[in-house]
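Engineer: Quick one, final_10.txt (compact mmCIF, C-alpha atoms):
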# COMPACT_ATOMS: atom_id res chain seq x y z
CA MET V 1486 -11.58 -5.18 7.84
CA GLN V 1487 -8.77 -3.50 9.77
CA ASN V 1488 -5.77 -1.74 8.23
CA PHE V 1489 -2.78 -4.03 7.88
CA GLU V 1490 0.74 -4.44 6.56
CA PHE V 1491 1.72 -7.90 5.34
CA TYR V 1492 5.34 -8.98 5.10
CA ASN V 1493 6.67 -12.49 4.67
CA PRO V 1494 10.12 -12.89 3.12
CA THR V 1495 10.48 -16.67 3.46
CA ARG V 1496 11.21 -18.57 0.25
CA ILE V 1497 9.40 -21.94 0.17
CA ILE V 1498 11.07 -24.79 -1.71
CA PHE V 1499 8.39 -27.47 -1.86
CA GLY V 1500 8.31 -31.02 -3.13
CA GLU V 1501 10.06 -34.34 -3.39
CA ASN V 1502 13.87 -34.40 -3.68
CA THR V 1503 14.27 -30.72 -2.87
CA ILE V 1504 16.87 -31.00 -0.08
CA PRO V 1505 19.77 -30.84 -2.60
CA LYS V 1506 18.64 -27.27 -3.38
CA LEU V 1507 20.01 -26.21 0.01
CA VAL V 1508 23.34 -25.53 -1.64
CA GLU V 1509 21.70 -22.78 -3.71
CA GLN V 1510 20.30 -20.99 -0.64
CA ILE V 1511 23.28 -20.85 1.73
CA PRO V 1512 26.28 -18.66 0.87
CA ALA V 1513 29.32 -20.75 -0.09
CA GLU V 1514 31.49 -18.99 2.47
CA ALA V 1515 29.02 -19.45 5.36
CA ARG V 1516 30.17 -21.06 8.60
CA LEU V 1517 27.08 -23.12 9.23
CA LEU V 1518 25.51 -24.65 12.33
CA ILE V 1519 22.98 -27.44 11.69
CA LEU V 1520 20.52 -27.74 14.60
CA PHE V 1521 18.25 -30.75 15.13
CA GLY V 1522 16.36 -32.68 17.80
CA GLY V 1523 16.78 -36.35 18.60
CA SER V 1524 17.87 -39.33 16.53
CA SER V 1525 14.86 -39.39 14.19
CA ALA V 1526 16.40 -36.94 11.70
CA GLU V 1527 19.35 -39.32 11.42
CA ARG V 1528 17.24 -42.50 11.23
CA ASN V 1529 14.82 -41.24 8.60
CA GLY V 1530 17.65 -40.12 6.33
CA THR V 1531 16.99 -36.39 6.43
CA LEU V 1532 20.18 -35.42 8.23
CA PRO V 1533 22.40 -37.60 6.00
CA GLU V 1534 20.76 -36.04 2.95
CA VAL V 1535 21.39 -32.54 4.35
CA ARG V 1536 25.06 -33.42 5.00
CA LYS V 1537 25.41 -34.72 1.45
CA ALA V 1538 23.87 -31.56 0.00
CA LEU V 1539 26.33 -29.42 1.97
CA GLU V 1540 29.40 -31.55 1.34
CA GLY V 1541 32.52 -29.39 1.21
CA ARG V 1542 30.95 -26.58 3.26
CA TYR V 1543 32.10 -25.61 6.76
CA THR V 1544 29.49 -27.10 9.09
CA ARG V 1545 29.07 -27.86 12.77
CA GLU V 1546 26.16 -29.74 14.33
CA PHE V 1547 24.11 -29.24 17.47
CA GLY V 1548 21.55 -31.88 18.46
CA GLY V 1549 19.32 -32.56 21.41
CA ILE V 1550 16.77 -29.75 21.05
CA GLU V 1551 13.72 -30.93 22.98
CA ALA V 1552 10.09 -31.26 21.86
CA ASN V 1553 9.52 -28.16 23.98
CA PRO V 1554 12.82 -26.40 23.30
CA THR V 1555 14.46 -25.23 26.50
CA TYR V 1556 16.35 -22.05 27.17
CA GLU V 1557 19.03 -24.04 28.95
CA THR V 1558 19.79 -26.25 25.93
CA LEU V 1559 19.60 -23.42 23.42
CA MET V 1560 22.07 -21.28 25.32
CA LYS V 1561 24.63 -24.08 24.81
CA ALA V 1562 24.12 -23.63 21.06
CA VAL V 1563 24.64 -19.88 21.52
CA ASP V 1564 27.96 -20.56 23.27
CA LEU V 1565 29.09 -22.88 20.45
CA ILE V 1566 28.28 -20.24 17.81
CA ARG V 1567 30.21 -17.56 19.66
CA THR V 1568 33.21 -19.81 20.24
CA ASP V 1569 33.41 -21.09 16.66
CA LYS V 1570 32.37 -17.79 15.04
CA LEU V 1571 29.53 -19.38 13.06
CA ASP V 1572 27.34 -17.13 10.94
CA PHE V 1573 24.42 -19.12 9.45
CA LEU V 1574 21.88 -21.47 11.07
CA LEU V 1575 20.00 -24.39 9.53
CA ALA V 1576 17.16 -26.00 11.49
CA VAL V 1577 16.43 -29.61 10.52
CA GLY V 1578 13.26 -30.80 12.22
CA GLY V 1579 9.79 -29.72 13.24
CA GLY V 1580 8.45 -26.60 14.88
CA SER V 1581 10.36 -27.11 18.12
CA VAL V 1582 13.74 -27.22 16.41
CA ILE V 1583 12.81 -24.23 14.24
CA ASP V 1584 11.49 -22.26 17.21
CA GLY V 1585 14.68 -23.02 19.12
CA THR V 1586 16.82 -21.96 16.17
CA LYS V 1587 14.98 -18.64 15.99
CA PHE V 1588 15.75 -17.97 19.63
CA VAL V 1589 19.41 -18.87 19.10
CA ALA V 1590 19.53 -16.54 16.09
CA ALA V 1591 18.21 -13.66 18.21
CA ALA V 1592 20.31 -14.45 21.30
CA VAL V 1593 23.82 -14.74 19.83
CA ASP V 1594 24.50 -11.01 19.53
CA PHE V 1595 21.85 -9.86 22.00
CA GLU V 1596 23.04 -7.32 24.55
CA GLY V 1597 21.66 -8.08 28.00
CA ASP V 1598 19.86 -11.08 29.47
CA PRO V 1599 18.70 -13.31 26.58
CA TRP V 1600 15.67 -14.48 28.59
CA SER V 1601 14.31 -10.92 28.29
CA ILE V 1602 13.72 -11.71 24.60
CA LEU V 1603 10.89 -13.90 25.88
CA THR V 1604 9.65 -11.66 28.70
CA THR V 1605 9.34 -8.73 26.28
CA HIS V 1606 7.85 -11.05 23.60
CA GLY V 1607 10.59 -10.00 21.18
CA ALA V 1608 10.14 -6.24 21.41
CA ASN V 1609 13.82 -5.80 22.23
CA VAL V 1610 15.19 -7.89 19.32
CA LYS V 1611 17.07 -5.57 16.96
CA ALA V 1612 18.90 -8.15 14.83
CA ALA V 1613 19.36 -11.89 14.35
CA MET V 1614 21.55 -14.38 12.54
CA PRO V 1615 20.29 -15.61 9.16
CA LEU V 1616 18.57 -19.00 9.26
CA GLY V 1617 16.92 -21.54 7.02
CA THR V 1618 14.94 -24.70 7.70
CA VAL V 1619 14.36 -28.22 6.47
CA LEU V 1620 10.91 -29.17 7.77
CA THR V 1621 10.28 -32.74 8.92
CA LEU V 1622 7.06 -32.34 10.94
CA PRO V 1623 4.12 -30.22 9.70
CA ALA V 1624 2.36 -28.56 12.63
CA THR V 1625 3.42 -25.14 13.85
CA GLY V 1626 3.92 -23.10 10.69
CA SER V 1627 7.22 -21.93 12.20
CA GLU V 1628 8.91 -22.60 8.86
CA MET V 1629 7.19 -19.53 7.38
CA ASN V 1630 6.57 -17.14 10.26
CA SER V 1631 8.46 -14.97 12.72
CA PHE V 1632 7.30 -16.54 16.00
CA SER V 1633 8.87 -18.87 18.53
CA VAL V 1634 7.91 -20.49 21.83
CA ILE V 1635 10.58 -21.40 24.38
CA THR V 1636 10.48 -23.14 27.78
CA ARG V 1637 12.71 -22.29 30.73
CA GLN V 1638 13.09 -25.61 32.48
CA SER V 1639 14.37 -24.22 35.77
CA THR V 1640 11.27 -22.07 36.35
CA ARG V 1641 8.70 -24.06 34.34
CA GLU V 1642 7.86 -21.05 32.18
CA LYS V 1643 6.82 -21.29 28.55
CA LEU V 1644 6.79 -17.95 26.70
CA ALA V 1645 6.54 -16.77 23.12
CA PHE V 1646 8.28 -14.08 21.15
CA GLY V 1647 8.06 -12.71 17.65
CA SER V 1648 10.31 -10.54 15.52
CA PRO V 1649 10.61 -9.85 11.79
CA HIS V 1650 14.35 -10.47 12.22
CA VAL V 1651 13.78 -14.23 12.72
CA PHE V 1652 11.81 -15.05 9.58
CA PRO V 1653 13.60 -18.00 7.93
CA ARG V 1654 15.37 -16.96 4.73
CA PHE V 1655 14.09 -20.17 3.15
CA SER V 1656 12.34 -23.42 4.10
CA VAL V 1657 12.60 -26.76 2.32
CA LEU V 1658 9.38 -28.78 2.52
CA ASP V 1659 9.70 -32.35 1.21
CA PRO V 1660 6.54 -34.33 2.11
CA THR V 1661 8.41 -37.65 1.84
CA ARG V 1662 10.48 -36.62 4.89
CA THR V 1663 7.29 -37.03 6.98
CA TYR V 1664 6.54 -40.66 6.03
CA SER V 1665 8.27 -42.18 9.06
CA LEU V 1666 6.72 -39.88 11.68
CA PRO V 1667 4.93 -41.57 14.61
CA VAL V 1668 1.14 -41.42 14.35
CA ARG V 1669 0.97 -39.40 17.59
CA GLN V 1670 3.10 -36.62 16.12
CA VAL V 1671 1.09 -36.48 12.91
CA ALA V 1672 -2.17 -36.28 14.89
CA ASN V 1673 -0.68 -33.51 17.00
CA GLY V 1674 0.22 -31.66 13.82
CA VAL V 1675 -3.34 -31.85 12.48
CA VAL V 1676 -4.79 -30.46 15.71
CA ASP V 1677 -2.11 -27.79 16.07
CA SER V 1678 -2.82 -26.56 12.54
CA PHE V 1679 -6.58 -26.66 13.13
CA VAL V 1680 -6.37 -24.54 16.27
CA HIS V 1681 -3.97 -22.07 14.64
CA ILE V 1682 -6.65 -21.42 12.05
CA MET V 1683 -9.41 -21.20 14.65
CA GLU V 1684 -7.56 -18.63 16.77
CA GLN V 1685 -7.39 -16.32 13.74
CA TYR V 1686 -10.85 -17.08 12.39
CA LEU V 1687 -13.24 -17.64 15.27
CA THR V 1688 -13.48 -14.19 16.83
CA TYR V 1689 -16.19 -11.85 15.53
CA PRO V 1690 -17.35 -10.88 12.00
CA ALA V 1691 -14.94 -8.30 10.56
CA ASP V 1692 -15.85 -8.32 6.85
CA GLY V 1693 -12.72 -10.15 5.77
CA LEU V 1694 -14.44 -12.16 3.08
CA ALA V 1695 -11.32 -13.69 1.55
CA GLN V 1696 -9.73 -14.40 4.93
CA ASP V 1697 -12.88 -16.13 6.20
CA ARG V 1698 -13.30 -18.32 3.13
CA PHE V 1699 -9.60 -19.13 3.09
CA ALA V 1700 -9.69 -20.16 6.76
CA GLU V 1701 -12.84 -22.22 6.26
CA GLY V 1702 -11.29 -23.97 3.27
CA LEU V 1703 -8.25 -24.91 5.33
CA LEU V 1704 -10.45 -26.20 8.17
CA LEU V 1705 -12.57 -28.25 5.77
CA SER V 1706 -9.43 -29.68 4.18
CA LEU V 1707 -8.03 -30.74 7.56
CA ILE V 1708 -11.34 -32.37 8.52
CA GLU V 1709 -11.35 -34.22 5.20
CA ILE V 1710 -7.77 -35.48 5.18
CA GLY V 1711 -6.85 -35.55 8.90
CA PRO V 1712 -7.84 -39.17 9.62
CA LYS V 1713 -6.53 -40.32 6.22
CA VAL V 1714 -3.11 -38.76 6.82
CA LEU V 1715 -2.79 -40.95 9.92
CA LYS V 1716 -3.88 -44.13 8.14
CA GLU V 1717 -1.89 -43.70 4.91
CA PRO V 1718 1.57 -42.49 5.97
CA GLU V 1719 3.16 -42.86 2.53
CA ASN V 1720 0.38 -41.27 0.49
CA TYR V 1721 2.26 -38.39 -1.14
CA THR V 1722 -0.86 -36.42 -2.08
CA LEU V 1723 -2.19 -36.49 1.49
CA ARG V 1724 1.16 -35.63 3.08
CA ALA V 1725 1.84 -32.85 0.57
CA ASN V 1726 -1.53 -31.24 1.19
CA PHE V 1727 -1.20 -31.57 4.96
CA MET V 1728 2.29 -30.07 4.91
CA TRP V 1729 1.16 -27.02 2.92
CA ILE V 1730 -2.03 -26.53 4.96
CA ALA V 1731 0.01 -26.51 8.19
CA THR V 1732 2.25 -23.81 6.71
CA LEU V 1733 -0.66 -21.71 5.48
CA ALA V 1734 -2.35 -22.02 8.87
CA LEU V 1735 0.19 -19.71 10.47
CA ASN V 1736 2.16 -17.81 7.84
CA GLY V 1737 0.10 -14.67 8.42
CA ILE V 1738 -2.08 -14.65 5.34
CA ILE V 1739 -5.42 -15.65 6.93
CA GLY V 1740 -5.00 -13.24 9.84
CA VAL V 1741 -4.30 -10.01 7.96
CA GLY V 1742 -6.80 -7.28 8.81
CA MET V 1743 -8.65 -9.59 11.17
CA PRO V 1744 -9.04 -9.73 14.97
CA GLU V 1745 -7.23 -12.68 16.55
CA ASP V 1746 -7.66 -14.61 19.80
CA TRP V 1747 -4.66 -16.53 21.16
CA SER V 1748 -6.15 -17.24 24.58
CA THR V 1749 -6.32 -21.00 23.98
CA HIS V 1750 -2.59 -20.99 23.25
CA SER V 1751 -1.81 -18.87 26.32
CA ILE V 1752 -3.58 -21.30 28.65
CA GLY V 1753 -2.23 -24.30 26.74
CA HIS V 1754 1.34 -23.10 27.21
CA GLU V 1755 0.88 -23.11 30.97
CA LEU V 1756 -0.41 -26.70 30.84
CA THR V 1757 2.61 -27.80 28.83
CA ALA V 1758 5.07 -25.96 31.08
CA ARG V 1759 3.58 -27.44 34.24
CA TYR V 1760 2.60 -30.97 33.13
CA ASP V 1761 4.67 -31.55 29.99
CA ILE V 1762 1.58 -32.36 27.89
CA ASP V 1763 2.15 -32.14 24.13
CA HIS V 1764 1.34 -28.63 22.93
CA ALA V 1765 -1.36 -29.68 20.47
CA ARG V 1766 -3.05 -31.81 23.12
CA THR V 1767 -3.36 -28.85 25.47
CA LEU V 1768 -5.07 -26.94 22.66
CA ALA V 1769 -7.57 -29.77 22.16
CA ILE V 1770 -8.40 -29.56 25.88
CA VAL V 1771 -8.80 -25.79 26.07
CA LEU V 1772 -10.40 -24.76 22.77
CA PRO V 1773 -13.86 -26.39 23.15
CA SER V 1774 -14.28 -24.99 26.67
CA MET V 1775 -13.06 -21.58 25.54
CA LEU V 1776 -15.70 -21.56 22.80
CA ARG V 1777 -18.41 -22.52 25.28
CA ALA V 1778 -17.31 -19.97 27.87
CA ARG V 1779 -17.28 -17.19 25.27
CA LYS V 1780 -20.32 -18.31 23.31
CA ASP V 1781 -22.00 -14.90 23.45
CA ALA V 1782 -18.93 -12.87 22.50
CA LYS V 1783 -18.24 -15.22 19.58
CA ARG V 1784 -21.86 -15.89 18.59
CA GLY V 1785 -21.70 -14.47 15.07
CA LYS V 1786 -18.60 -16.39 14.08
CA LEU V 1787 -19.69 -19.56 15.89
CA LEU V 1788 -22.88 -19.60 13.83
CA GLN V 1789 -20.86 -19.01 10.66
CA TYR V 1790 -18.49 -21.82 11.65
CA ALA V 1791 -21.44 -24.14 12.34
CA SER V 1792 -22.96 -23.39 8.96
CA ARG V 1793 -19.98 -23.21 6.63
CA VAL V 1794 -17.64 -25.77 8.19
CA TRP V 1795 -20.00 -28.32 9.77
CA ASN V 1796 -23.08 -27.74 7.56
CA LEU V 1797 -25.35 -27.27 10.59
CA HIS V 1798 -28.53 -25.37 9.76
CA GLU V 1799 -31.28 -26.87 11.95
CA GLY V 1800 -32.24 -25.90 15.51
CA THR V 1801 -31.87 -22.77 17.60
CA GLU V 1802 -28.71 -20.66 17.56
CA ASP V 1803 -27.54 -22.17 20.84
CA GLU V 1804 -28.23 -25.70 19.58
CA ARG V 1805 -26.22 -25.09 16.41
CA ILE V 1806 -23.34 -23.58 18.36
CA GLU V 1807 -23.19 -26.49 20.77
CA ALA V 1808 -23.41 -28.97 17.90
CA ALA V 1809 -20.45 -27.28 16.18
CA ILE V 1810 -18.37 -27.43 19.35
CA LEU V 1811 -19.28 -31.09 19.81
CA ARG V 1812 -18.24 -31.81 16.20
CA THR V 1813 -14.91 -30.12 16.92
CA GLU V 1814 -14.37 -32.30 19.99
CA GLU V 1815 -15.33 -35.40 18.04
CA PHE V 1816 -12.83 -34.51 15.32
CA PHE V 1817 -10.02 -34.22 17.87
CA GLU V 1818 -11.08 -37.45 19.56
CA SER V 1819 -11.17 -39.23 16.18
CA LEU V 1820 -7.43 -38.52 16.00
CA ASP V 1821 -7.02 -40.17 19.42
CA ILE V 1822 -6.45 -36.81 21.10
CA PRO V 1823 -8.39 -36.35 24.37
CA THR V 1824 -10.34 -33.17 25.05
CA ARG V 1825 -10.48 -33.32 28.86
CA LEU V 1826 -7.92 -32.67 31.61
CA SER V 1827 -9.06 -35.85 33.34
CA ALA V 1828 -7.47 -37.86 30.53
CA TYR V 1829 -4.13 -36.68 31.93
CA GLU V 1830 -5.18 -37.23 35.56
CA ILE V 1831 -5.33 -33.49 36.18
CA GLY V 1832 -8.02 -32.44 38.64
CA LYS V 1833 -9.50 -29.25 40.03
CA ASP V 1834 -6.61 -28.77 42.47
CA ALA V 1835 -4.44 -27.88 39.44
CA ILE V 1836 -6.53 -24.88 38.44
CA GLU V 1837 -5.38 -22.24 40.93
CA PRO V 1838 -1.64 -22.83 40.30
CA LEU V 1839 -2.32 -22.52 36.55
CA ILE V 1840 -4.21 -19.27 37.06
CA GLY V 1841 -1.34 -18.03 39.20
CA GLN V 1842 1.07 -18.72 36.36
CA LEU V 1843 -1.14 -16.84 33.88
CA GLU V 1844 -1.21 -13.87 36.24
CA ALA V 1845 2.55 -14.02 36.78
CA HIS V 1846 3.07 -13.84 33.02
CA GLY V 1847 0.67 -10.91 32.58
CA MET V 1848 -1.97 -13.02 30.80
CA THR V 1849 -4.86 -11.21 32.49
CA ALA V 1850 -6.58 -9.58 29.50
CA LEU V 1851 -6.64 -12.21 26.77
CA GLY V 1852 -8.78 -12.63 23.66
CA GLU V 1853 -9.88 -10.51 20.73
CA HIS V 1854 -11.55 -8.02 23.09
CA ALA V 1855 -8.86 -8.30 25.83
CA ASP V 1856 -11.70 -9.26 28.17
CA ILE V 1857 -10.64 -12.77 29.20
CA THR V 1858 -9.79 -12.19 32.84
CA PRO V 1859 -8.27 -14.76 35.19
CA ASP V 1860 -11.83 -15.52 36.34
CA ILE V 1861 -12.84 -16.47 32.81
CA SER V 1862 -9.66 -18.52 32.33
CA ARG V 1863 -10.50 -20.27 35.60
CA ARG V 1864 -13.99 -21.08 34.29
CA VAL V 1865 -12.50 -22.43 31.03
CA LEU V 1866 -10.24 -24.77 32.97
CA GLN V 1867 -13.11 -25.89 35.20
CA MET V 1868 -15.17 -26.68 32.11
CA SER V 1869 -12.21 -28.71 30.75
CA LEU V 1870 -12.02 -31.13 33.71
Hey, can you dump this file as structure tokens for me?
Structural biologist:
Amino acid sequence: MQNFEFYNPTRIIFGENTIPKLVEQIPAEARLLILFGGSSAERNGTLPEVRKALEGRYTREFGGIEANPTYETLMKAVDLIRTDKLDFLLAVGGGSVIDGTKFVAAAVDFEGDPWSILTTHGANVKAAMPLGTVLTLPATGSEMNSFSVITRQSTREKLAFGSPHVFPRFSVLDPTRTYSLPVRQVANGVVDSFVHIMEQYLTYPADGLAQDRFAEGLLLSLIEIGPKVLKEPENYTLRANFMWIATLALNGIIGVGMPEDWSTHSIGHELTARYDIDHARTLAIVLPSMLRARKDAKRGKLLQYASRVWNLHEGTEDERIEAAILRTEEFFESLDIPTRLSAYEIGKDAIEPLIGQLEAHGMTALGEHADITPDISRRVLQMSL
């Protein structure tokens, strides 16, 4: 296991009827901006409940943050904050709204071009506004981490940044707020969480016994409850477990001291930026082919994954590895999430432009060994057709 430092300052307020506790977390004198996405937060009652909890406080609202939050929209929020001298942010929504709010928090007092926050992946962020969240869609883990992914619509770029300055101060997680979510979004959340775990777990053996067992437990739990969560939208036990698993999948705890591989995400971001495919669905396309293309480099962990997660013990090593990858594809497909580019009418003529985008963004040495070259990324995409 590698040396590590672990820091996560986010307070989690979990359970039914917890939104009223917002008033305890936000300073009484704060000039607050509430950020949200579309009309669903209003329709499902979350936004009205937030307003009620903050009655008597100074608040402004900013809606319209997209499913892939755009730089262009978020800079309008930055302008509003500067004009009205606001000093606290509250994200009400899923990972996209929270990611967008993190960027806004970093951009308000940033000196220089705010887009450079993304091109430097957050290295130049020295401070940020305080923020909290009310989570309505379990998926990204953004409610308890310091990462954000933003799209620049004008150039079709989708880049990530991270900074300890943008950890949420607190996050309210009420599973009942997820009951009205469309099935498609819930399925996306299951796959997004699954791949977050895989990118931290499925690299090479590094003697992180607790981290491995923790990751495997989360994967097994998602496999067990994933289809049920879709079929029983108002089952509190299922939604509560799913919500907490999605948070644990990317709050840093299973990755400490371990090698990580975010190549599937890097390629997936380019697919979303270029074709507007849901983020989780790009991951379902790329991950199986990535595992096949890097079968030898990941052999030890693939065999462990086959044994511990899918209970595969018969056959040669290669047969067990392929069976585990097939089981992974079948799990995604069981959630009605395709695992091939052809499902989105994307053919081989799309590959070179995608590779060009990876190269333009410096994604030329990906993976846990930094050995995923553009040639390997090209082969992954070819295998995903």
Engineer: Hey, which of V:Ala1538, V:Leu1532, V:Leu1694, V:Met1614 ends up closest to Val1508 of chain V? Count only C-alpha atoms.
Structural biologist: V:Ala1538
Engineer: Between atom CA of Arg1637 of chain V and atom CA of Glu1557 of chain V, what is the spacing in Å?
Structural biologist: 6.8 Å
Engineer: So that I can see what lies close to Asn1726 of chain V, please list as number ranges by chain the residues with an atom at most 9 Å from it, counting all atoms listed in the file and leaving out residues fewer than 5 positions away in the same chain.
Structural biologist: V: 1660, 1706, 1710, 1721, 1731
Engineer: With distances taken over all atoms listed in the file, which residue among V:Val1577, V:Val1794, V:Val1619, V:Val1563 lies nearest Leu1705 of chain V?
Structural biologist: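 Counting all atoms listed in the file, the residue closest to Leu1705 of chain V is V:Val1794.
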Engineer: Set the distance at 7 Å and use only C-alpha atoms: which residues neighbour Asn1630 of chain V once local chain neighbours fewer than 5 positions away are removed? I'd like the list as a list in words.
Structural biologist: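 Surrounding residues, per the criterion: Phe1652, Leu1735 and Asn1736 of chain V.
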Engineer: I want to know what sits within 9 Å of segment 1515-1522 of chain V, based on only C-alpha atoms, with residues of the same chain fewer than 6 positions away left out; could you give that as number ranges by chain?
Structural biologist: V: 1532, 1542-1552, 1562, 1566, 1569-1579, 1581-1583, 1585-1586
Engineer: Between atom CA of Thr1555 of chain V and atom CA of Ile1840 of chain V, what distance in Å does the model show, to one decimal?
Structural biologist: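 Here the two named atoms are 22.3 Å from each other.
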